[in-house]
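Okay, run.tsv is below, TSV, C-alpha atoms and all ligand atoms:
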```
chain	number	residue	atom	x	y	z
D	1304	MET	CA	0.00	0.00	0.00
D	1305	ALA	CA	1.39	3.38	-0.93
D	1306	LEU	CA	1.16	6.32	1.39
D	1307	ASN	CA	-1.67	8.44	0.05
D	1308	GLU	CA	-4.68	10.45	1.20
D	1309	GLU	CA	-7.08	7.61	0.51
D	1310	SER	CA	-5.28	4.93	2.51
D	1311	SER	CA	-4.75	7.17	5.52
D	1312	ALA	CA	-8.17	8.87	5.51
D	1313	ASP	CA	-9.86	5.88	7.16
D	1314	LEU	CA	-7.36	5.95	9.97
D	1315	GLY	CA	-7.87	9.59	10.89
D	1316	LEU	CA	-6.13	10.36	14.15
D	1317	LEU	CA	-4.32	7.05	14.17
D	1318	ALA	CA	-2.26	7.81	11.10
D	1319	GLY	CA	-2.06	11.59	11.48
D	1320	PRO	CA	-1.59	14.04	8.63
D	1321	ILE	CA	0.45	13.26	5.56
D	1322	ASP	CA	3.35	15.66	5.60
D	1323	GLU	CA	7.06	15.76	4.84
D	1324	GLU	CA	7.82	13.58	7.82
D	1325	THR	CA	5.41	10.80	6.91
D	1326	ALA	CA	6.69	10.86	3.33
D	1327	LEU	CA	10.12	10.19	4.79
D	1328	PHE	CA	8.72	7.32	6.89
D	1329	ASP	CA	7.36	5.82	3.69
D	1330	ARG	CA	10.94	5.44	2.50
D	1331	MET	CA	12.10	4.09	5.88
D	1332	SER	CA	9.51	1.33	6.30
D	1333	GLU	CA	6.84	-0.66	4.46
D	1334	ASN	CA	3.09	-0.18	3.99
D	1335	VAL	CA	3.36	3.16	5.74
D	1336	ILE	CA	0.04	4.84	6.48
D	1337	GLY	CA	1.26	7.64	8.74
D	1338	ALA	CA	3.19	8.18	11.93
D	1339	TRP	CA	2.61	7.06	15.49
D	1340	ARG	CA	3.39	9.78	17.99
D	1341	LEU	CA	4.33	9.71	21.67
D	1342	PRO	CA	4.52	12.55	24.19
D	1343	LEU	CA	7.98	14.07	24.19
D	1344	GLY	CA	9.21	15.45	27.51
D	1345	VAL	CA	12.49	16.90	28.68
D	1346	LEU	CA	15.01	16.05	31.32
D	1347	THR	CA	16.03	19.67	31.69
D	1348	GLY	CA	19.62	19.13	32.78
D	1349	ILE	CA	21.77	16.23	33.93
D	1350	VAL	CA	25.51	16.49	34.44
D	1351	ILE	CA	27.42	13.57	32.96
D	1352	ASN	CA	31.21	13.60	33.02
D	1353	ARG	CA	31.09	17.29	34.02
D	1354	ARG	CA	28.96	18.32	31.01
D	1355	GLU	CA	25.32	19.22	31.33
D	1356	HIS	CA	22.93	17.53	28.89
D	1357	ARG	CA	19.27	18.23	28.24
D	1358	ILE	CA	17.61	15.00	27.23
D	1359	ALA	CA	14.52	14.63	25.06
D	1360	MET	CA	12.48	11.69	26.35
D	1361	ALA	CA	9.57	10.00	24.59
D	1362	THR	CA	7.21	8.18	26.91
D	1363	GLU	CA	3.52	7.95	27.74
D	1364	GLU	CA	4.35	7.51	31.47
D	1365	PRO	CA	4.41	11.00	33.07
D	1366	SER	CA	6.10	9.87	36.27
D	1367	VAL	CA	9.20	8.86	34.30
D	1368	ILE	CA	10.01	12.43	33.32
D	1369	ALA	CA	9.05	13.85	36.72
D	1370	ALA	CA	11.15	11.31	38.64
D	1371	VAL	CA	14.26	11.69	36.51
D	1372	ASN	CA	14.15	15.50	36.71
D	1373	ARG	CA	13.83	15.37	40.47
D	1374	THR	CA	16.77	12.97	40.64
D	1375	ALA	CA	18.94	15.06	38.31
D	1376	VAL	CA	18.72	18.07	40.65
D	1377	LEU	CA	20.19	15.93	43.42
D	1378	PHE	CA	22.83	14.25	41.23
D	1379	ASN	CA	23.92	17.58	39.73
D	1380	ALA	CA	24.40	19.04	43.20
D	1381	VAL	CA	27.19	16.50	43.84
D	1382	GLY	CA	28.89	17.07	40.48
D	1383	GLY	CA	26.90	14.62	38.40
D	1384	ILE	CA	27.34	11.11	37.10
D	1385	HIS	CA	30.58	9.58	35.97
D	1386	ALA	CA	30.07	7.38	32.90
D	1387	GLU	CA	32.20	5.34	30.52
D	1388	ALA	CA	31.67	2.93	27.64
D	1389	ASP	CA	33.67	0.20	25.93
D	1390	GLU	CA	34.81	0.35	22.32
D	1391	PRO	CA	31.92	-1.57	20.77
D	1392	VAL	CA	32.30	-5.13	19.52
D	1393	THR	CA	29.42	-7.03	17.95
D	1394	ARG	CA	29.44	-10.75	17.24
D	1395	ALA	CA	27.80	-12.69	14.46
D	1396	GLN	CA	26.92	-16.38	14.49
D	1397	ILE	CA	27.23	-18.46	11.34
D	1398	MET	CA	25.67	-21.85	11.97
D	1399	PHE	CA	25.60	-25.08	9.98
D	1400	ARG	CA	25.36	-28.75	10.79
D	1401	VAL	CA	27.42	-31.83	9.96
D	1402	GLU	CA	27.48	-35.38	11.33
D	1403	GLU	CA	28.64	-35.23	14.93
D	1404	ASP	CA	31.79	-37.26	14.04
D	1405	SER	CA	32.83	-34.61	11.53
D	1406	VAL	CA	32.52	-31.70	13.96
D	1407	PRO	CA	36.13	-31.89	15.29
D	1408	TRP	CA	37.87	-31.78	11.89
D	1409	VAL	CA	35.50	-29.13	10.50
D	1410	ARG	CA	36.16	-27.00	13.54
D	1411	GLU	CA	39.91	-27.46	13.22
D	1412	GLU	CA	39.84	-26.55	9.54
D	1413	ILE	CA	37.85	-23.40	10.26
D	1414	LEU	CA	40.29	-22.29	12.92
D	1415	ARG	CA	43.28	-23.09	10.65
D	1416	ARG	CA	41.79	-20.84	7.95
D	1417	LYS	CA	40.77	-18.14	10.43
D	1418	SER	CA	42.73	-15.23	8.97
D	1419	ARG	CA	41.43	-15.95	5.47
D	1420	TYR	CA	37.85	-15.97	6.77
D	1421	ILE	CA	38.39	-12.70	8.61
D	1422	GLY	CA	39.67	-11.32	5.30
D	1423	ILE	CA	36.56	-12.54	3.44
D	1424	ALA	CA	34.35	-10.88	6.05
D	1425	ASN	CA	36.20	-7.58	5.79
D	1426	GLN	CA	36.19	-7.59	1.99
D	1427	SER	CA	32.41	-7.87	2.07
D	1428	ASN	CA	32.19	-4.58	3.97
D	1429	PRO	CA	35.21	-2.40	3.22
D	1430	GLY	CA	33.49	0.69	4.66
D	1431	LEU	CA	33.97	-0.52	8.20
D	1432	THR	CA	37.67	-1.40	7.79
D	1433	GLY	CA	38.14	1.97	6.09
D	1434	ALA	CA	36.77	3.61	9.25
D	1435	GLY	CA	39.27	1.70	11.42
D	1436	GLY	CA	36.96	-1.14	12.47
D	1437	GLY	CA	36.02	-4.49	11.00
D	1438	ALA	CA	36.22	-8.17	11.82
D	1439	PHE	CA	39.25	-9.03	13.96
D	1440	GLU	CA	38.63	-12.44	15.52
D	1441	LEU	CA	36.87	-15.68	14.78
D	1442	GLU	CA	35.95	-18.37	17.31
D	1443	THR	CA	33.95	-21.57	17.21
D	1444	GLU	CA	31.20	-22.95	19.39
D	1445	THR	CA	30.15	-26.60	19.20
D	1446	PRO	CA	26.94	-26.94	21.22
D	1447	GLY	CA	26.44	-30.63	20.27
D	1448	ASP	CA	24.24	-32.63	17.91
D	1449	GLY	CA	26.41	-31.74	14.92
D	1450	PHE	CA	26.03	-27.98	15.25
D	1451	VAL	CA	29.03	-25.92	14.17
D	1452	VAL	CA	28.77	-22.28	15.13
D	1453	VAL	CA	31.34	-19.78	13.97
D	1454	ARG	CA	31.50	-16.54	15.93
D	1455	LEU	CA	32.82	-13.53	14.12
D	1456	LEU	CA	33.88	-10.57	16.26
D	1457	VAL	CA	33.57	-7.16	14.65
D	1458	ARG	CA	34.59	-3.68	15.80
D	1459	THR	CA	31.69	-1.54	14.66
D	1460	MET	CA	33.19	1.86	15.61
D	1461	ASP	CA	30.43	4.50	15.83
D	1462	ALA	CA	27.76	2.30	14.26
D	1463	MET	CA	25.38	-0.14	15.86
D	1464	GLY	CA	26.60	-2.25	12.98
D	1465	ALA	CA	23.73	-4.69	12.45
D	1466	ASN	CA	23.79	-4.35	8.66
D	1467	ALA	CA	27.55	-4.46	8.38
D	1468	VAL	CA	27.88	-7.49	10.65
D	1469	ASN	CA	25.06	-9.38	8.91
D	1470	THR	CA	26.63	-8.71	5.51
D	1471	MET	CA	29.91	-10.12	6.79
D	1472	ALA	CA	28.18	-13.14	8.31
D	1473	GLU	CA	26.42	-13.95	5.04
D	1474	ALA	CA	29.68	-13.65	3.09
D	1475	LEU	CA	31.21	-16.21	5.43
D	1476	GLN	CA	28.18	-18.44	5.18
D	1477	GLN	CA	28.74	-18.54	1.39
D	1478	ALA	CA	32.38	-19.51	1.90
D	1479	PHE	CA	31.40	-22.26	4.35
D	1480	VAL	CA	28.85	-23.71	1.90
D	1481	GLN	CA	31.61	-23.98	-0.68
D	1482	GLU	CA	34.21	-25.40	1.65
D	1483	TYR	CA	32.23	-27.69	3.95
D	1484	GLY	CA	29.16	-28.42	1.81
D	1485	ASP	CA	30.59	-31.88	1.04
D	1486	ALA	CA	31.12	-32.82	4.69
D	1487	PRO	CA	29.02	-35.83	5.81
D	1488	GLY	CA	25.55	-34.77	6.93
D	1489	TYR	CA	26.09	-31.09	5.94
D	1490	GLU	CA	23.01	-28.87	6.38
D	1491	ARG	CA	23.10	-25.16	5.72
D	1492	GLY	CA	22.04	-23.11	8.75
D	1493	MET	CA	21.82	-19.36	9.29
D	1494	ALA	CA	23.99	-16.28	9.56
D	1495	ILE	CA	22.99	-13.44	11.88
D	1496	LEU	CA	24.43	-11.19	14.55
D	1497	THR	CA	23.70	-11.94	18.17
D	1498	ASN	CA	22.05	-9.28	20.30
D	1499	GLU	CA	24.09	-10.52	23.24
D	1500	GLY	CA	25.74	-7.27	24.30
D	1501	SER	CA	28.76	-8.07	26.50
D	1502	GLY	CA	30.98	-6.38	23.90
D	1503	ARG	CA	29.09	-3.11	24.24
D	1504	LEU	CA	29.03	-2.34	27.95
D	1505	ALA	CA	28.56	1.09	29.46
D	1506	ARG	CA	28.89	2.06	33.11
D	1507	ALA	CA	27.45	4.92	35.16
D	1508	ARG	CA	28.29	5.78	38.77
D	1509	ILE	CA	27.06	8.34	41.27
D	1510	GLU	CA	28.35	9.03	44.79
D	1511	LEU	CA	26.02	10.89	47.12
D	1512	PRO	CA	27.35	12.03	50.53
D	1513	PHE	CA	24.80	11.25	53.25
D	1514	GLU	CA	24.33	14.95	54.00
D	1515	MET	CA	23.07	15.50	50.45
D	1516	LEU	CA	20.44	12.77	50.60
D	1517	PRO	CA	16.73	13.57	50.93
D	1518	GLY	CA	14.99	13.61	54.29
D	1519	GLU	CA	16.23	14.49	57.73
D	1520	ASP	CA	18.50	11.51	58.15
D	1521	GLY	CA	20.72	10.89	55.11
D	1522	ALA	CA	22.25	7.75	56.57
D	1523	ALA	CA	18.78	6.26	57.09
D	1524	PHE	CA	17.81	7.12	53.51
D	1525	GLY	CA	21.05	5.55	52.26
D	1526	HIS	CA	20.28	2.43	54.23
D	1527	ARG	CA	16.80	2.21	52.70
D	1528	MET	CA	18.22	2.49	49.18
D	1529	GLU	CA	20.68	-0.27	50.02
D	1530	MET	CA	17.80	-2.39	51.27
D	1531	ALA	CA	15.87	-1.82	48.02
D	1532	SER	CA	18.92	-2.91	46.06
D	1533	GLU	CA	19.41	-6.02	48.18
D	1534	PHE	CA	15.75	-6.95	47.77
D	1535	ALA	CA	16.21	-6.94	43.97
D	1536	LEU	CA	19.36	-9.03	44.36
D	1537	ARG	CA	17.56	-11.65	46.44
D	1538	SER	CA	14.20	-11.74	44.64
D	1539	PRO	CA	14.05	-12.32	40.86
D	1540	ASP	CA	10.43	-11.11	40.85
D	1541	ARG	CA	11.61	-7.79	42.21
D	1542	ALA	CA	14.70	-7.71	39.94
D	1543	VAL	CA	12.54	-7.73	36.81
D	1544	THR	CA	10.58	-4.68	38.01
D	1545	HIS	CA	13.71	-2.92	39.26
D	1546	ASN	CA	15.17	-3.40	35.76
D	1547	LYS	CA	11.97	-2.29	34.07
D	1548	GLY	CA	12.35	0.99	35.96
D	1549	ILE	CA	15.84	1.42	34.49
D	1550	MET	CA	14.50	0.73	31.00
D	1551	ASN	CA	11.76	3.35	31.51
D	1552	GLY	CA	14.52	5.95	31.24
D	1553	VAL	CA	16.70	4.14	28.73
D	1554	ILE	CA	13.96	3.61	26.15
D	1555	ALA	CA	12.45	7.07	26.59
D	1556	ALA	CA	15.86	8.66	25.93
D	1557	ALA	CA	16.79	6.24	23.13
D	1558	LEU	CA	13.60	6.60	21.07
D	1559	PRO	CA	14.04	10.23	19.92
D	1560	LEU	CA	17.65	9.34	19.08
D	1561	GLY	CA	16.37	6.81	16.54
D	1562	GLN	CA	17.87	3.85	18.35
D	1563	ASP	CA	16.85	0.21	17.97
D	1564	THR	CA	15.19	-0.09	21.37
D	1565	ARG	CA	14.32	-3.76	20.73
D	1566	ALA	CA	18.01	-4.64	20.42
D	1567	MET	CA	18.74	-2.53	23.48
D	1568	SER	CA	16.06	-4.31	25.52
D	1569	ALA	CA	17.05	-7.78	24.27
D	1570	SER	CA	20.67	-7.32	25.32
D	1571	PHE	CA	19.73	-5.66	28.61
D	1572	PHE	CA	17.36	-8.37	29.82
D	1573	ASP	CA	19.70	-11.08	28.56
D	1574	ALA	CA	22.52	-9.60	30.65
D	1575	ALA	CA	20.19	-9.49	33.64
D	1576	CYS	CA	19.52	-13.25	33.37
D	1577	ARG	CA	22.92	-14.61	32.30
D	1578	GLN	CA	23.83	-15.87	35.75
D	1579	GLY	CA	20.89	-18.27	35.75
D	1580	ARG	CA	18.31	-16.01	37.34
D	1581	HIS	CA	17.06	-12.46	36.96
D	1582	LEU	CA	19.41	-10.03	38.73
D	1583	PRO	CA	19.17	-6.25	39.09
D	1584	MET	CA	21.43	-4.41	36.66
D	1585	SER	CA	22.19	-1.61	39.13
D	1586	ARG	CA	23.46	-1.73	42.71
D	1587	TRP	CA	23.07	0.78	45.53
D	1588	PHE	CA	25.32	0.51	48.58
D	1589	THR	CA	26.71	2.69	51.34
D	1590	GLN	CA	30.40	3.25	51.93
D	1591	ASN	CA	32.34	5.97	53.81
D	1592	GLU	CA	29.21	7.99	54.63
D	1593	ARG	CA	28.08	7.91	51.01
D	1594	LEU	CA	25.36	6.24	49.01
D	1595	ILE	CA	26.91	4.86	45.83
D	1596	GLY	CA	24.93	3.79	42.78
D	1597	VAL	CA	26.39	1.85	39.86
D	1598	LEU	CA	24.84	0.61	36.67
D	1599	GLU	CA	26.66	-1.52	34.14
D	1600	MET	CA	24.62	-2.47	31.10
D	1601	PRO	CA	24.97	-3.27	27.42
D	1602	VAL	CA	24.12	-0.22	25.36
D	1603	VAL	CA	23.49	-1.44	21.83
D	1604	ALA	CA	23.50	1.97	20.18
D	1605	GLY	CA	24.59	3.69	17.00
D	1606	TYR	CA	25.92	7.20	16.51
D	1607	VAL	CA	26.04	6.85	12.73
D	1608	GLY	CA	23.66	5.02	10.40
D	1609	GLY	CA	20.69	5.44	8.11
D	1610	PHE	CA	18.43	6.48	11.00
D	1611	ARG	CA	20.26	9.83	11.13
D	1612	HIS	CA	18.56	10.88	7.87
D	1613	HIS	CA	15.42	11.45	9.93
D	1614	PRO	CA	15.44	15.17	10.75
D	1615	GLY	CA	13.80	14.57	14.14
D	1616	VAL	CA	16.60	12.23	15.13
D	1617	GLU	CA	19.20	14.73	14.03
D	1618	ALA	CA	17.45	17.37	16.11
D	1619	ALA	CA	17.44	15.08	19.16
D	1620	PHE	CA	21.21	14.56	18.92
D	1621	VAL	CA	21.70	18.33	18.80
D	1622	PHE	CA	19.16	18.97	21.57
D	1623	ASP	CA	20.77	16.37	23.85
D	1624	GLY	CA	24.27	17.73	23.12
D	1625	ILE	CA	25.54	14.29	22.10
D	1626	ARG	CA	28.70	14.66	20.02
D	1627	SER	CA	30.11	11.13	19.85
D	1628	TYR	CA	29.29	7.44	20.13
D	1629	GLN	CA	30.82	7.41	23.59
D	1630	GLU	CA	28.64	10.31	24.76
D	1631	LEU	CA	25.57	8.56	23.39
D	1632	CYS	CA	26.31	5.52	25.55
D	1633	HIS	CA	27.11	7.68	28.57
D	1634	VAL	CA	23.79	9.51	28.27
D	1635	ILE	CA	21.68	6.37	27.85
D	1636	CYS	CA	23.30	4.53	30.76
D	1637	SER	CA	23.21	7.62	33.01
D	1638	VAL	CA	19.52	8.22	32.40
D	1639	GLY	CA	18.96	4.56	33.33
D	1640	LEU	CA	20.76	5.04	36.65
D	1641	ALA	CA	18.96	8.31	37.45
D	1642	GLN	CA	15.60	6.76	36.58
D	1643	ASN	CA	16.33	3.83	38.86
D	1644	PHE	CA	17.18	6.16	41.76
D	1645	GLY	CA	13.95	8.09	41.20
D	1646	ALA	CA	11.84	4.93	41.30
D	1647	LEU	CA	13.56	3.47	44.38
D	1648	ARG	CA	13.37	6.81	46.17
D	1649	ALA	CA	9.60	6.93	45.63
D	1650	LEU	CA	9.14	3.29	46.57
D	1651	MET	CA	11.21	3.52	49.75
D	1652	THR	CA	9.73	6.83	50.96
D	1653	GLU	CA	6.23	8.04	50.16
D	1654	GLY	CA	5.33	4.96	48.07
D	1655	ILE	CA	4.57	4.67	44.40
D	1656	GLN	CA	0.91	5.65	44.49
D	1657	ALA	CA	1.41	8.88	46.41
D	1658	GLY	CA	4.38	10.17	44.46
D	1659	HIS	CA	5.11	8.48	41.21
D	1660	MET	CA	1.68	7.32	40.11
D	1661	SER	CA	-0.34	10.32	41.29
D	1662	LEU	CA	0.94	12.01	38.14
D	1663	HIS	CA	-0.86	9.35	36.16
D	1664	ALA	CA	-4.07	10.06	38.02
D	1665	ARG	CA	-3.71	13.79	37.37
D	1666	LYS	CA	-3.29	13.15	33.66
D	1667	TYR	CA	-6.48	11.18	33.25
D	1668	ARG	CA	-8.76	13.05	35.64
O	1701	LIG	C1	7.04	1.85	36.94
O	1701	LIG	O1	6.92	2.10	35.55
O	1701	LIG	C2	8.45	1.53	37.30
O	1701	LIG	C3	8.69	1.04	38.71
O	1701	LIG	O2	7.88	-0.07	39.01
O	1701	LIG	C4	10.16	0.67	38.84
O	1701	LIG	C5	10.52	0.02	40.14
O	1701	LIG	O3	9.67	-0.64	40.77
O	1701	LIG	O4	11.71	0.10	40.51
O	1701	LIG	C6	8.33	2.13	39.71
```

Since I need it in another form, could you write the structure as structure tokens?
Amino acid sequence: MALNEESSADLGLLAGPIDEETALFDRMSENVIGAWRLPLGVLTGIVINRREHRIAMATEEPSVIAAVNRTAVLFNAVGGIHAEADEPVTRAQIMFRVEEDSVPWVREEILRRKSRYIGIANQSNPGLTGAGGGAFELETETPGDGFVVVRLLVRTMDAMGANAVNTMAEALQQAFVQEYGDAPGYERGMAILTNEGSGRLARARIELPFEMLPGEDGAAFGHRMEMASEFALRSPDRAVTHNKGIMNGVIAAALPLGQDTRAMSASFFDAACRQGRHLPMSRWFTQNERLIGVLEMPVVAGYVGGFRHHPGVEAAFVFDGIRSYQELCHVICSVGLAQNFGALRALMTEGIQAGHMSLHARKYR
């Protein structure tokens, strides 16, 4: 279906007006009938690595914006959040199957030809190597039952890199068909990146002296935050909600920046469960008369890519004052930490209904 007056007329408010923006969406997606809008709010100022950022946040949950603004005032008063991010590495998996007895020699052959395969991958996407990144390592995984899985590790530089990495993976898949297609029991499999995000971690940290904490007794408040954190550590049912609170901020900040929030969520919740049960991604603890909050999470983000052609996205990068891939990760992770503090503060003081959720009530009265 093409985007035209007739197809969108039936949808009225759902599709919205046809304008320059929706015409652009028509080129970005398929069967486009309009645009879906969300309220856009502002985190008016949060200091991250000594620079103040305004953050545009898209969410239908009013308490998210209120809570993070309230938190930012407190965090800024102690000098703000310290954040850092790894140089991003994304992995692809190229899978095929042979008879179980053939797995050892196939695996050995693949590893023997490793540098050639890395070369094939890089030739398929010269843009990335030109920018200083590219495939740099190849490993194998043999999870049994004849499965051979080749892991390709790629430095994606400023990009999220999904397209680049998938192109590389498919080039290798072709090479493997040619070279192992005659192996006993060979079955072609698939080639795709993994959203597992341990190669794309970001960290945010805040230290709040007791005297700066809300309420009359800072030490008591610090203790209550520690208790909230320990509850999430001990109860997986609580951990999932604790983490949802972090993602309230992460997704709201990531959406206007055109990020793939599905990939971000997939890697985040995977990281939360990797140790066999759901764990909180942030920790709050007291030390030397301070409440310390830390959040380490995968931030599967891109600073460059096709999504930047959207003028709204470009405007969000300018508005937020994000000037590099690293800053993008710092901002996303820091908003997650601040959002988490805001939620725990409400939960451990006045309660969610009185503070946080009363904003909801106000909205729909
Ligand atoms: C609500 O959207 C988010 C919270 O439930 C998060 C939390 O419980 O930590 C308040």

Margin query: I'd like the neighbourhood of range 1424-1435 of chain D as number ranges by chain, where a residue qualifies if any of its atoms comes within 10 Å (using all atoms listed in the file), though same-chain residues fewer than 5 positions away should be ignored.
Written below: D: 1418-1419, 1455, 1457-1462, 1464, 1466-1476, 1478

Margin query: Which residues are near ligand LIG 1701 (chain O) in this structure, taking near to mean any atom at most 10 Å from a ligand atom and counting only C-alpha atoms and all ligand atoms? Format them as a ChimeraX atom specification.
Written below: /D:1364-1367,1370,1531-1532,1535,1541-1552,1583,1642-1651,1654-1656,1659-1660

Next item on the list: Show which residues sit within 7 Å of His1385 in chain D, as a VMD selection string. Count all atoms listed in the file, and ignore same-chain residues fewer than 2 positions away.
Entry: chain D and resid 1351 to 1352 1383 1507 to 1509

Check: Leaving out range 1488-1503 of chain D and any residue of its chain fewer than 6 positions from it, which residues lie within 6 Å of it when counting only C-alpha atoms, given as a list of chain:residue names?
Finding: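 These residues fall inside the cut-off: D:Asp1389, D:Pro1391, D:Val1392, D:Arg1394, D:Ala1395, D:Gln1396, D:Ile1397, D:Met1398, D:Phe1399, D:Arg1400, D:Val1401, D:Glu1402, D:Asn1469, D:Ala1472, D:Glu1473, D:Ser1570, D:Pro1601, D:Val1602.
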
Next item on the list: Measuring atom to atom with only C-alpha atoms, identify which of D:Glu1363, D:Asp1404, D:Glu1653, D:Asp1623 is nearest to Pro1517 in chain D.
Entry: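 That would be D:Glu1653, the residue with the smallest distance to Pro1517 in chain D.
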
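Coordinates place CA of Pro1559 in chain D at a distance of 10.5 Å from CA of Pro1614 in chain D.
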
Item checked: Å distance separating CA of Phe1572 in chain D from CA of Glu1442 in chain D, one decimal place -> 24.5 Å

Considering all atoms listed in the file, give me a table of residues in range 1358-1459 of chain D that are at most 9 Å from range 1340-1347 of chain D, with the closest atom pair and distance in Å for each, as JSON lines.
```
{"residue": "D:Ile1358", "atom": "CA", "partner": "D:Leu1346", "partner_atom": "CA", "distance": 5.0}
{"residue": "D:Ala1359", "atom": "CA", "partner": "D:Val1345", "partner_atom": "CA", "distance": 4.7}
{"residue": "D:Met1360", "atom": "CA", "partner": "D:Gly1344", "partner_atom": "CA", "distance": 5.1}
{"residue": "D:Ala1361", "atom": "CA", "partner": "D:Leu1343", "partner_atom": "CA", "distance": 4.4}
{"residue": "D:Thr1362", "atom": "CA", "partner": "D:Pro1342", "partner_atom": "CA", "distance": 5.8}
{"residue": "D:Glu1363", "atom": "CA", "partner": "D:Pro1342", "partner_atom": "CA", "distance": 5.9}
{"residue": "D:Glu1364", "atom": "CA", "partner": "D:Pro1342", "partner_atom": "CA", "distance": 8.9}
{"residue": "D:Pro1365", "atom": "CA", "partner": "D:Gly1344", "partner_atom": "CA", "distance": 8.6}
{"residue": "D:Ile1368", "atom": "CA", "partner": "D:Leu1346", "partner_atom": "CA", "distance": 6.5}
{"residue": "D:Ala1369", "atom": "CA", "partner": "D:Leu1346", "partner_atom": "CA", "distance": 8.3}
{"residue": "D:Val1371", "atom": "CA", "partner": "D:Leu1346", "partner_atom": "CA", "distance": 6.8}
{"residue": "D:Asn1372", "atom": "CA", "partner": "D:Leu1346", "partner_atom": "CA", "distance": 5.5}
{"residue": "D:Ala1375", "atom": "CA", "partner": "D:Leu1346", "partner_atom": "CA", "distance": 8.1}
```

Check: Between CA of Ala1618 in chain D and CA of Glu1630 in chain D, what is the distance, to one decimal in Å?
Finding: 15.8 Å

Item checked: Neighbour list for range 1591-1593 of chain D as a list of chain:residue names, cut-off 6 Å, only C-alpha atoms, skip fewer than 4 positions in-chain ->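 Here the qualifying residues turn out to be D:Leu1511, D:Pro1512, D:Phe1513.
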
Atoms kept (C-alpha atoms) for selection, written as a PDB file, in the coordinates of the input:
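Saved result, result.pdb, follows:
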```
ATOM      1  CA  LEU D1511      26.020  10.890  47.120  1.00  0.00           C
ATOM      2  CA  PRO D1512      27.350  12.030  50.530  1.00  0.00           C
ATOM      3  CA  PHE D1513      24.800  11.250  53.250  1.00  0.00           C
TER       4      PHE D1513
END
```

As AutoDock Vina command-line options, what would the box around range 1508-1524 of chain D look like: edges along x, y and z, 6 Å added on every side, centre and edge lengths in Å to one decimal?
```
--center_x 21.7 --center_y 10.6 --center_z 48.5 --size_x 25.4 --size_y 21.7 --size_z 31.4
```

What's the 7 Å shell around range 1634-1636 of chain D, counting all atoms listed in the file, without same-chain residues fewer than 6 positions away, as a PDB file with C-alpha atoms, in the coordinates of the input?
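Below you can see out.pdb, which holds the result:
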```pdb
ATOM      1  CA  ALA D1505      28.560   1.090  29.460  1.00  0.00           C
ATOM      2  CA  ARG D1506      28.890   2.060  33.110  1.00  0.00           C
ATOM      3  CA  ALA D1507      27.450   4.920  35.160  1.00  0.00           C
ATOM      4  CA  VAL D1553      16.700   4.140  28.730  1.00  0.00           C
ATOM      5  CA  ALA D1556      15.860   8.660  25.930  1.00  0.00           C
ATOM      6  CA  ALA D1557      16.790   6.240  23.130  1.00  0.00           C
TER       7      ALA D1557
END
```

Checklist line | Pick from D:Val1406, D:Ile1321, D:Leu1640, D:Val1376, whichever lies nearest to Val1335 in chain D using all atoms listed in the file | finding: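 Among the listed residues, the smallest separation from Val1335 in chain D belongs to D:Ile1321.
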